[in-house]
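Text of target39.txt (compact mmCIF, C-alpha atoms and all ligand atoms) as supplied:
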```
# COMPACT_ATOMS: atom_id res chain seq x y z
CA MET A 50 0.00 0.00 0.00
CA PHE A 51 1.29 3.50 -0.86
CA THR A 52 0.15 6.82 0.53
CA GLY A 53 0.63 10.30 -0.83
CA ARG A 54 -1.09 13.43 -2.10
CA ALA A 55 -3.32 13.72 -5.17
CA TRP A 56 -5.15 16.61 -6.83
CA ARG A 57 -8.82 15.67 -7.08
CA VAL A 58 -11.95 17.37 -8.33
CA VAL A 59 -14.29 17.63 -5.36
CA ARG A 60 -16.95 19.80 -7.05
CA PHE A 61 -17.36 21.29 -10.52
CA GLY A 62 -16.35 24.92 -10.95
CA GLU A 63 -13.34 27.15 -11.48
CA PRO A 64 -10.13 25.10 -11.08
CA GLU A 65 -9.05 26.87 -7.85
CA ASP A 66 -12.38 25.97 -6.26
CA ALA A 67 -12.93 22.59 -7.91
CA ALA A 68 -9.55 20.93 -7.23
CA GLU A 69 -8.30 19.92 -3.79
CA LEU A 70 -5.05 18.29 -2.70
CA GLN A 71 -6.01 15.18 -0.71
CA GLU A 72 -4.16 12.39 1.13
CA MET A 73 -4.80 9.14 -0.72
CA THR A 74 -3.94 5.45 -0.49
CA TRP A 75 -3.03 3.33 -3.52
CA VAL A 76 -3.36 -0.45 -3.23
CA GLY A 77 -1.52 -2.84 -5.58
CA PRO A 78 -2.58 -2.46 -9.23
CA SER A 79 -5.19 -4.71 -10.81
CA ALA A 80 -4.47 -6.68 -14.00
CA GLY A 81 -3.66 -4.40 -16.91
CA GLN A 82 -2.23 -1.60 -14.76
CA VAL A 83 1.05 -0.70 -13.13
CA LEU A 84 1.50 1.67 -10.20
CA ILE A 85 4.17 4.35 -10.62
CA ARG A 86 5.75 6.92 -8.34
CA VAL A 87 5.09 10.02 -10.44
CA ARG A 88 7.83 12.45 -11.42
CA THR A 89 6.01 14.42 -14.15
CA ALA A 90 2.51 14.62 -15.59
CA GLY A 91 1.26 16.20 -18.81
CA ALA A 92 -1.49 18.80 -18.89
CA GLY A 93 -3.95 20.10 -21.45
CA PHE A 94 -7.29 21.68 -22.22
CA PRO A 95 -9.21 18.54 -21.09
CA ASP A 96 -8.20 19.36 -17.47
CA LEU A 97 -10.28 22.52 -17.74
CA MET A 98 -13.20 20.53 -19.15
CA MET A 99 -12.90 18.07 -16.24
CA THR A 100 -12.87 20.69 -13.46
CA GLY A 101 -15.73 22.52 -15.18
CA GLY A 102 -17.91 19.39 -15.56
CA ARG A 103 -17.70 19.50 -19.36
CA PHE A 104 -15.67 16.34 -20.01
CA PRO A 105 -17.98 13.81 -21.66
CA LEU A 106 -16.36 10.61 -20.34
CA LEU A 107 -16.39 11.40 -16.61
CA GLY A 108 -19.27 11.38 -14.13
CA ALA A 109 -19.71 13.34 -10.91
CA PRO A 110 -16.85 14.22 -8.51
CA PRO A 111 -14.81 13.20 -6.64
CA PHE A 112 -12.19 12.00 -9.14
CA GLY A 113 -8.47 12.41 -9.73
CA LEU A 114 -6.99 14.70 -12.39
CA GLY A 115 -4.21 14.11 -14.90
CA GLU A 116 -4.51 11.97 -18.04
CA GLU A 117 -0.83 10.99 -18.40
CA ALA A 118 2.18 10.55 -16.15
CA ALA A 119 5.78 9.35 -16.09
CA GLY A 120 7.84 7.87 -13.28
CA GLU A 121 9.14 4.68 -11.72
CA VAL A 122 7.12 1.48 -11.43
CA VAL A 123 6.58 0.61 -7.74
CA ALA A 124 4.09 -2.25 -8.09
CA VAL A 125 2.84 -4.55 -10.85
CA ALA A 126 0.02 -7.05 -11.23
CA PRO A 127 0.85 -10.75 -11.77
CA GLY A 128 1.84 -11.41 -15.40
CA SER A 129 2.79 -7.79 -16.10
CA ARG A 130 5.28 -7.07 -18.90
CA PHE A 131 6.78 -4.37 -16.64
CA SER A 132 8.92 -4.79 -13.50
CA VAL A 133 9.32 -2.76 -10.34
CA GLY A 134 12.02 -0.17 -11.03
CA ASP A 135 11.14 0.32 -14.73
CA GLN A 136 10.91 3.93 -15.86
CA VAL A 137 7.66 4.33 -17.79
CA THR A 138 5.30 6.88 -19.25
CA GLY A 139 1.69 6.21 -20.07
CA ILE A 140 -1.98 7.06 -19.86
CA THR A 141 -3.31 6.99 -16.31
CA GLY A 142 -6.45 5.42 -14.90
CA PHE A 143 -8.15 8.85 -14.98
CA LEU A 144 -11.34 7.44 -16.50
CA GLN A 145 -11.63 5.28 -13.37
CA GLY A 146 -10.99 8.31 -11.14
CA TRP A 147 -7.21 7.93 -10.62
CA GLY A 148 -5.16 10.69 -12.25
CA GLY A 149 -1.54 11.67 -12.73
CA TYR A 150 -1.38 14.91 -10.70
CA ALA A 151 -0.54 12.76 -7.71
CA GLU A 152 2.44 11.25 -5.97
CA TYR A 153 1.41 7.81 -7.26
CA ALA A 154 -0.62 6.89 -10.31
CA TYR A 155 -2.06 3.82 -11.95
CA VAL A 156 -0.95 3.62 -15.58
CA ARG A 157 -2.68 1.46 -18.20
CA GLU A 158 -0.19 -1.18 -19.25
CA ASN A 159 -1.35 -1.28 -22.84
CA SER A 160 -0.97 2.52 -23.11
CA ALA A 161 2.53 2.73 -21.67
CA ILE A 162 6.15 2.47 -22.78
CA ARG A 163 9.52 2.35 -21.10
CA ILE A 164 10.93 5.87 -21.32
CA PRO A 165 13.25 5.90 -24.36
CA ASP A 166 16.90 6.89 -23.85
CA GLY A 167 17.42 10.60 -24.11
CA MET A 168 13.81 11.55 -23.25
CA THR A 169 13.70 14.00 -20.34
CA ASP A 170 11.21 13.66 -17.48
CA GLU A 171 9.23 16.63 -18.80
CA GLN A 172 9.11 15.17 -22.31
CA ALA A 173 8.11 11.78 -20.89
CA GLY A 174 5.25 13.16 -18.76
CA GLY A 175 3.76 14.99 -21.74
CA PHE A 176 4.30 12.29 -24.36
CA PRO A 177 1.40 9.78 -24.28
CA ILE A 178 -1.87 11.67 -24.88
CA GLY A 179 -0.76 14.07 -27.61
CA PHE A 180 1.10 11.49 -29.65
CA ARG A 181 -1.47 8.69 -29.18
CA THR A 182 -4.16 11.13 -30.30
CA ALA A 183 -2.11 12.25 -33.29
CA TYR A 184 -1.55 8.59 -34.21
CA ALA A 185 -5.27 7.89 -33.93
CA GLY A 186 -6.01 10.88 -36.16
CA LEU A 187 -3.29 10.71 -38.79
CA VAL A 188 -2.66 6.95 -39.02
CA GLU A 189 -5.82 5.15 -37.91
CA ARG A 190 -8.80 7.40 -38.63
CA ALA A 191 -7.87 9.97 -41.30
CA PRO A 192 -4.63 8.53 -42.70
CA VAL A 193 -2.30 11.06 -44.24
CA GLN A 194 0.00 9.77 -46.97
CA SER A 195 3.52 10.90 -47.72
CA GLY A 196 3.36 13.87 -50.08
CA GLN A 197 -0.15 14.92 -49.02
CA THR A 198 -0.93 18.29 -47.48
CA LEU A 199 -2.00 18.44 -43.84
CA LEU A 200 -3.54 21.53 -42.23
CA ILE A 201 -3.28 21.63 -38.44
CA LEU A 202 -5.44 23.95 -36.35
CA GLY A 203 -4.28 25.01 -32.88
CA ALA A 204 -0.88 23.85 -34.13
CA ALA A 205 1.10 25.30 -31.21
CA GLY A 206 -1.15 23.57 -28.65
CA SER A 207 -0.74 20.21 -26.94
CA SER A 208 -2.63 18.26 -29.59
CA GLY A 209 -1.65 20.35 -32.59
CA ALA A 210 2.10 20.45 -31.92
CA THR A 211 2.28 16.66 -31.64
CA ALA A 212 0.23 16.15 -34.82
CA LEU A 213 2.51 18.61 -36.59
CA GLN A 214 5.52 16.43 -35.79
CA LEU A 215 3.83 13.13 -36.56
CA GLY A 216 2.54 14.58 -39.85
CA LYS A 217 6.10 15.55 -40.80
CA ALA A 218 7.37 12.10 -39.77
CA LEU A 219 4.72 10.56 -42.07
CA GLY A 220 6.00 12.67 -44.96
CA ALA A 221 3.20 15.23 -45.20
CA THR A 222 3.58 18.89 -46.11
CA VAL A 223 2.32 20.63 -42.98
CA ILE A 224 0.51 23.96 -42.82
CA ALA A 225 0.33 25.06 -39.18
CA VAL A 226 -2.37 27.50 -38.00
CA ALA A 227 -1.75 29.38 -34.74
CA GLY A 228 -2.87 32.57 -33.05
CA SER A 229 0.25 34.69 -32.60
CA ARG A 230 3.67 35.41 -34.07
CA GLU A 231 5.29 33.66 -31.09
CA LYS A 232 3.23 30.54 -31.80
CA THR A 233 3.82 30.51 -35.58
CA GLU A 234 7.57 30.79 -34.88
CA PHE A 235 7.21 27.88 -32.44
CA CYS A 236 5.53 25.81 -35.20
CA LEU A 237 8.32 26.63 -37.66
CA GLY A 238 10.78 25.43 -35.02
CA LEU A 239 8.90 22.11 -34.87
CA GLY A 240 9.24 21.67 -38.63
CA ALA A 241 6.07 23.19 -40.11
CA ASP A 242 6.48 23.84 -43.85
CA HIS A 243 4.10 26.82 -43.80
CA VAL A 244 2.44 28.82 -41.05
CA VAL A 245 -0.74 30.90 -40.94
CA ASN A 246 -1.53 33.38 -38.19
CA ARG A 247 -5.28 32.99 -37.76
CA ARG A 248 -5.59 36.47 -36.24
CA THR A 249 -3.81 38.43 -38.96
CA ASP A 250 -3.90 36.26 -42.11
CA ASP A 251 -6.80 35.26 -44.36
CA LEU A 252 -6.76 31.49 -43.85
CA THR A 253 -8.60 30.61 -47.06
CA ALA A 254 -6.43 32.88 -49.23
CA ARG A 255 -3.19 31.68 -47.63
CA VAL A 256 -4.06 27.99 -48.11
CA ALA A 257 -5.04 28.65 -51.74
CA GLU A 258 -1.73 30.41 -52.28
CA ILE A 259 0.30 27.62 -50.62
CA THR A 260 -1.49 24.77 -52.42
CA GLY A 261 -1.83 26.47 -55.81
CA GLY A 262 -5.61 26.52 -55.36
CA ARG A 263 -5.89 22.73 -54.85
CA GLY A 264 -6.64 22.73 -51.13
CA VAL A 265 -5.48 20.39 -48.37
CA ASP A 266 -5.94 16.62 -48.07
CA VAL A 267 -6.40 16.40 -44.30
CA ILE A 268 -7.38 18.85 -41.56
CA TYR A 269 -6.44 17.99 -37.96
CA ASP A 270 -8.93 19.86 -35.81
CA PRO A 271 -8.58 20.16 -32.02
CA VAL A 272 -10.23 23.61 -32.19
CA GLY A 273 -13.68 23.50 -33.86
CA GLY A 274 -15.86 26.63 -34.11
CA ASP A 275 -15.45 29.30 -36.77
CA THR A 276 -11.76 28.58 -37.42
CA ALA A 277 -12.51 24.97 -38.33
CA ALA A 278 -15.56 25.95 -40.39
CA THR A 279 -13.36 28.32 -42.38
CA ALA A 280 -10.65 25.67 -42.77
CA VAL A 281 -13.16 23.17 -44.20
CA ARG A 282 -13.60 25.47 -47.22
CA SER A 283 -9.97 24.67 -48.09
CA LEU A 284 -10.42 20.88 -48.21
CA ALA A 285 -9.42 19.33 -51.54
CA ARG A 286 -11.65 16.81 -53.35
CA ASN A 287 -11.67 13.52 -51.36
CA GLY A 288 -10.24 15.38 -48.37
CA ARG A 289 -11.10 14.63 -44.75
CA ILE A 290 -11.32 16.45 -41.48
CA ALA A 291 -10.25 14.63 -38.32
CA MET A 292 -12.36 16.01 -35.47
CA ILE A 293 -10.22 15.93 -32.33
CA GLY A 294 -11.73 18.49 -30.00
CA LEU A 295 -13.21 21.89 -29.38
CA ALA A 296 -10.69 24.25 -27.80
CA SER A 297 -12.76 27.15 -29.21
CA GLY A 298 -15.76 25.99 -27.15
CA THR A 299 -17.82 24.42 -29.94
CA PRO A 300 -17.23 21.55 -32.36
CA VAL A 301 -16.97 22.28 -36.07
CA ALA A 302 -20.40 22.69 -37.72
CA LEU A 303 -20.57 20.61 -40.89
CA ASP A 304 -23.08 20.80 -43.73
CA PRO A 305 -23.85 17.32 -45.14
CA MET A 306 -24.88 18.82 -48.49
CA ASP A 307 -21.53 20.59 -48.76
CA MET A 308 -19.79 17.29 -47.90
CA LEU A 309 -21.70 15.56 -50.66
CA VAL A 310 -21.17 18.20 -53.33
CA ARG A 311 -17.47 18.69 -52.58
CA ASN A 312 -16.73 15.01 -51.87
CA TYR A 313 -15.11 15.22 -48.45
CA SER A 314 -15.54 13.29 -45.23
CA ALA A 315 -15.34 13.90 -41.51
CA VAL A 316 -14.18 11.41 -38.89
CA GLY A 317 -14.38 11.56 -35.13
CA VAL A 318 -11.19 10.67 -33.29
CA LEU A 319 -10.92 9.45 -29.71
CA ALA A 320 -7.55 8.18 -28.53
CA ILE A 321 -8.70 4.97 -26.90
CA PRO A 322 -6.74 1.71 -27.08
CA ASN A 323 -7.39 -0.80 -29.86
CA ASP A 324 -9.48 -3.81 -28.80
CA ASP A 325 -6.58 -6.02 -29.83
CA PRO A 326 -3.76 -5.59 -27.24
CA GLU A 327 -1.11 -6.64 -29.75
CA ALA A 328 -2.24 -4.00 -32.22
CA GLU A 329 -2.15 -1.42 -29.42
CA ALA A 330 1.34 -2.53 -28.34
CA LEU A 331 2.49 -2.00 -31.95
CA VAL A 332 1.18 1.57 -31.93
CA TRP A 333 3.19 2.37 -28.80
CA SER A 334 6.31 0.67 -30.07
CA HIS A 335 6.03 2.70 -33.31
CA LEU A 336 5.70 5.91 -31.26
CA ALA A 337 8.62 4.92 -28.99
CA ASP A 338 10.70 4.19 -32.09
CA LEU A 339 9.96 7.60 -33.59
CA ALA A 340 10.85 9.22 -30.25
CA THR A 341 14.12 7.29 -30.01
CA LYS A 342 15.04 8.53 -33.48
CA ALA A 343 14.05 12.06 -32.39
CA ALA A 344 11.54 12.17 -35.27
CA ILE A 345 8.97 13.22 -32.65
CA THR A 346 9.67 15.06 -29.37
CA THR A 347 7.22 16.27 -26.76
CA PRO A 348 6.90 20.01 -27.41
CA VAL A 349 7.35 20.97 -23.75
CA GLY A 350 6.02 24.42 -22.96
CA ARG A 351 5.61 25.71 -19.43
CA VAL A 352 6.60 23.51 -16.49
CA TYR A 353 4.57 23.95 -13.28
CA ASP A 354 5.21 22.85 -9.69
CA PHE A 355 2.90 20.28 -8.11
CA GLU A 356 1.39 22.93 -5.82
CA GLU A 357 0.45 25.06 -8.86
CA VAL A 358 -1.95 22.55 -10.45
CA PRO A 359 -5.18 24.59 -10.03
CA ARG A 360 -3.51 27.71 -11.51
CA MET A 361 -1.99 25.61 -14.28
CA ILE A 362 -5.45 24.28 -15.17
CA ALA A 363 -6.95 27.79 -15.16
CA GLU A 364 -4.20 28.88 -17.57
CA GLN A 365 -5.15 26.14 -20.05
CA SER A 366 -7.89 28.52 -21.30
CA ALA A 367 -5.14 30.57 -22.97
CA PRO A 368 -1.92 28.55 -22.82
CA GLY A 369 1.39 29.62 -24.27
CA PRO A 370 3.00 27.52 -26.99
CA GLY A 371 3.65 23.85 -26.31
CA LYS A 372 2.63 21.26 -23.80
CA SER A 373 2.26 22.28 -20.16
CA VAL A 374 3.83 19.77 -17.78
CA VAL A 375 3.62 19.39 -13.99
CA ARG A 376 6.76 18.45 -12.04
CA VAL A 377 5.43 16.26 -9.22
CA ALA A 378 8.72 15.02 -7.74
CA SER A 379 12.39 15.07 -8.64
N1 LIG B 1 -9.96 13.18 -29.27
C1 LIG B 1 -9.05 12.93 -28.35
O1 LIG B 1 -8.70 11.78 -28.06
C2 LIG B 1 -8.41 14.11 -27.66
C3 LIG B 1 -7.18 13.99 -26.99
C4 LIG B 1 -6.60 15.14 -26.43
C5 LIG B 1 -7.28 16.37 -26.51
N2 LIG B 1 -8.49 16.41 -27.13
C6 LIG B 1 -9.25 17.67 -27.26
O2 LIG B 1 -8.55 18.57 -28.09
C7 LIG B 1 -8.89 19.91 -27.73
C8 LIG B 1 -7.61 20.72 -27.58
O3 LIG B 1 -6.87 20.23 -26.48
P1 LIG B 1 -5.35 20.67 -26.29
O4 LIG B 1 -4.90 20.08 -25.03
O5 LIG B 1 -4.60 20.47 -27.55
O6 LIG B 1 -5.54 22.23 -26.09
P2 LIG B 1 -4.47 23.40 -26.15
O7 LIG B 1 -3.10 22.93 -25.85
O8 LIG B 1 -5.07 24.50 -25.35
O9 LIG B 1 -4.47 23.82 -27.68
C9 LIG B 1 -5.61 24.31 -28.29
C10 LIG B 1 -5.23 25.40 -29.26
O10 LIG B 1 -6.45 25.86 -29.82
C11 LIG B 1 -6.29 27.19 -30.21
N3 LIG B 1 -7.55 27.89 -29.98
C12 LIG B 1 -8.18 28.10 -28.81
N4 LIG B 1 -9.31 28.78 -29.02
C13 LIG B 1 -9.39 28.99 -30.34
C14 LIG B 1 -10.33 29.64 -31.19
N5 LIG B 1 -11.44 30.23 -30.69
N6 LIG B 1 -10.11 29.63 -32.51
C15 LIG B 1 -8.99 29.06 -33.01
N7 LIG B 1 -8.05 28.46 -32.27
C16 LIG B 1 -8.26 28.42 -30.95
C17 LIG B 1 -5.16 27.79 -29.39
O11 LIG B 1 -4.19 28.19 -30.30
P3 LIG B 1 -4.07 29.63 -30.97
O12 LIG B 1 -4.58 30.64 -30.03
O13 LIG B 1 -2.61 29.70 -31.21
O14 LIG B 1 -4.82 29.54 -32.25
C18 LIG B 1 -4.58 26.61 -28.62
O15 LIG B 1 -3.17 26.53 -28.78
C19 LIG B 1 -9.73 19.81 -26.46
O16 LIG B 1 -11.10 19.91 -26.80
C20 LIG B 1 -9.44 18.40 -25.95
O17 LIG B 1 -10.48 17.84 -25.20
C21 LIG B 1 -9.06 15.33 -27.70
```
Once you've parsed the file, please lay out its structure as structure tokens.
Ligand SMILES: NC(=O)c1ccc[n+]([C@@H]2O[C@H](COP(=O)([O-])OP(=O)(O)OC[C@H]3O[C@@H](n4cnc5c(N)ncnc54)[C@H](OP(=O)(O)O)[C@@H]3O)[C@@H](O)[C@H]2O)c1
Amino acid sequence: MFTGRAWRVVRFGEPEDAAELQEMTWVGPSAGQVLIRVRTAGAGFPDLMMTGGRFPLLGAPPFGLGEEAAGEVVAVAPGSRFSVGDQVTGITGFLQGWGGYAEYAYVRENSAIRIPDGMTDEQAGGFPIGFRTAYAGLVERAPVQSGQTLLILGAAGSSGATALQLGKALGATVIAVAGSREKTEFCLGLGADHVVNRRTDDLTARVAEITGGRGVDVIYDPVGGDTAATAVRSLARNGRIAMIGLASGTPVALDPMDMLVRNYSAVGVLAIPNDDPEAEALVWSHLADLATKAAITTPVGRVYDFEEVPRMIAEQSAPGPGKSVVRVAS
């Protein structure tokens, strides 16, 4: 049995009011999980949805916060492929109420990897969700082929900046859309071929200029709202939009008649594990491989202390570039 502190949602509301640091006890993990002593945990817009009661997959409080975490394995279930002492990063048991903003966390075995050589703690804590989501979007649900053009909305954010890198690793030409000069520079630093500042540029005109009027093959959309609706106008024939999320507050509104006439499709994307554990293990080994080769790297943004979690969550409404990460322990 392990005891320690964990940030938990005790009521829905503003993060400072909703989240409380509580003393908790972790028993040995059940089959399919490992228990880790957490060093770092990755953050994102979903934290704000969870504290506000707007996250579709969670019920009423209390529940733990933090979708992903990295650290040292302290307990395993019988038959585990991990051992005590392994350094791992993975998706936590947050859907069962046990999150990663905690001194200990349950991590789903089939959504975890040993931390590749050269990956820092901050990169490890922020690796799983963004890259598993990007993989779900760009490989499984709306596959982008080498040589195709990929438009990424919210490209400096947690989801967008990982998709940008995976898109480049898959051989796509990437157009990154972000909301400030600082963020477009950040996207160029991550390898974007073209950038569009959504606040100062005409998105439709810029995409037409970049693609010679053809449009883009795939849109990766963690943003929704008006920006996504505008982007859809730039989809090429047989194009597709991967619907990831709604950082703008509303999902993209689609017109079925427009989809029919212009021959494009829309797919929903949720980064949940494959039913087949072997297929899921292959996904993670592919991601670990790309990380080892430095073809993808967690785009670490601001690093927060453990005590700052409520403020960190509040700041996810207007985050700076990159992935926010919480340092739980050294
Ligand atoms: N489907 C899945 O499995 C999955 C997994 C992870 C996350 N998500 C979802 O993805 C969404 C984004 O999460 P995240 O962690 O990537 O958020 P994030 O790091 O905050 O990034 C979102 C980006 O959206 C942009 N944005 C915000 N409001 C906007 C607006 N009104 N118009 C245009 N752009 C706007 C911001 O960039 P600029 O200001 O630079 O434009 C921001 O960088 C959330 O809804 C989350 O739940 C889904």
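Interatomic distance, CA of Asp338 in chain A to CA of Ala227 in chain A: 28.2 Å.
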Point to revise | Contacts to ligand LIG 1 (chain B) at 6 Å cut-off (only C-alpha atoms and all ligand atoms) as an NGL selection string | key: :A and (93-95 or 182 or 203 or 205-209 or 227-229 or 232 or 271-272 or 276 or 293-297 or 318-320 or 365 or 368)
Exercise for review: Could you jot down the CA of Trp75 in chain A to CA of Thr52 in chain A separation for me, Å, one decimal place?
Suggested key: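 Calculated distance between CA of Trp75 in chain A and CA of Thr52 in chain A is 6.2 Å.
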Exercise for review: For Ile201 in chain A, work out the shell of residues within 9 Å, counting only C-alpha atoms and skipping chain neighbours fewer than 4 positions away, then give it as a PyMOL selection string.
Suggested key: chain A and resi 209-210+212-213+223-227+267-271
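In this comparison, which uses only C-alpha atoms, the residue of A:Arg157, A:Arg130, A:Arg163, A:Arg248 approaching Glu116 in chain A most closely is A:Arg157.
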Review point. Between A:Gly369, A:Gly81, A:Pro300, A:Gly120, which has the minimum distance to Ala278 in chain A (counting only C-alpha atoms)?
Key: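 Checking each of A:Gly369, A:Gly81, A:Pro300, A:Gly120 against Ala278 in chain A, counting only C-alpha atoms, the winner is A:Pro300.
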**Study point:** Test item: residues at most 10 Å from Gly262 in chain A, all atoms listed in the file, excluding those fewer than 5 positions along its chain, as a VMD selection string
**Key:** chain A and resid 253 to 257 283 285
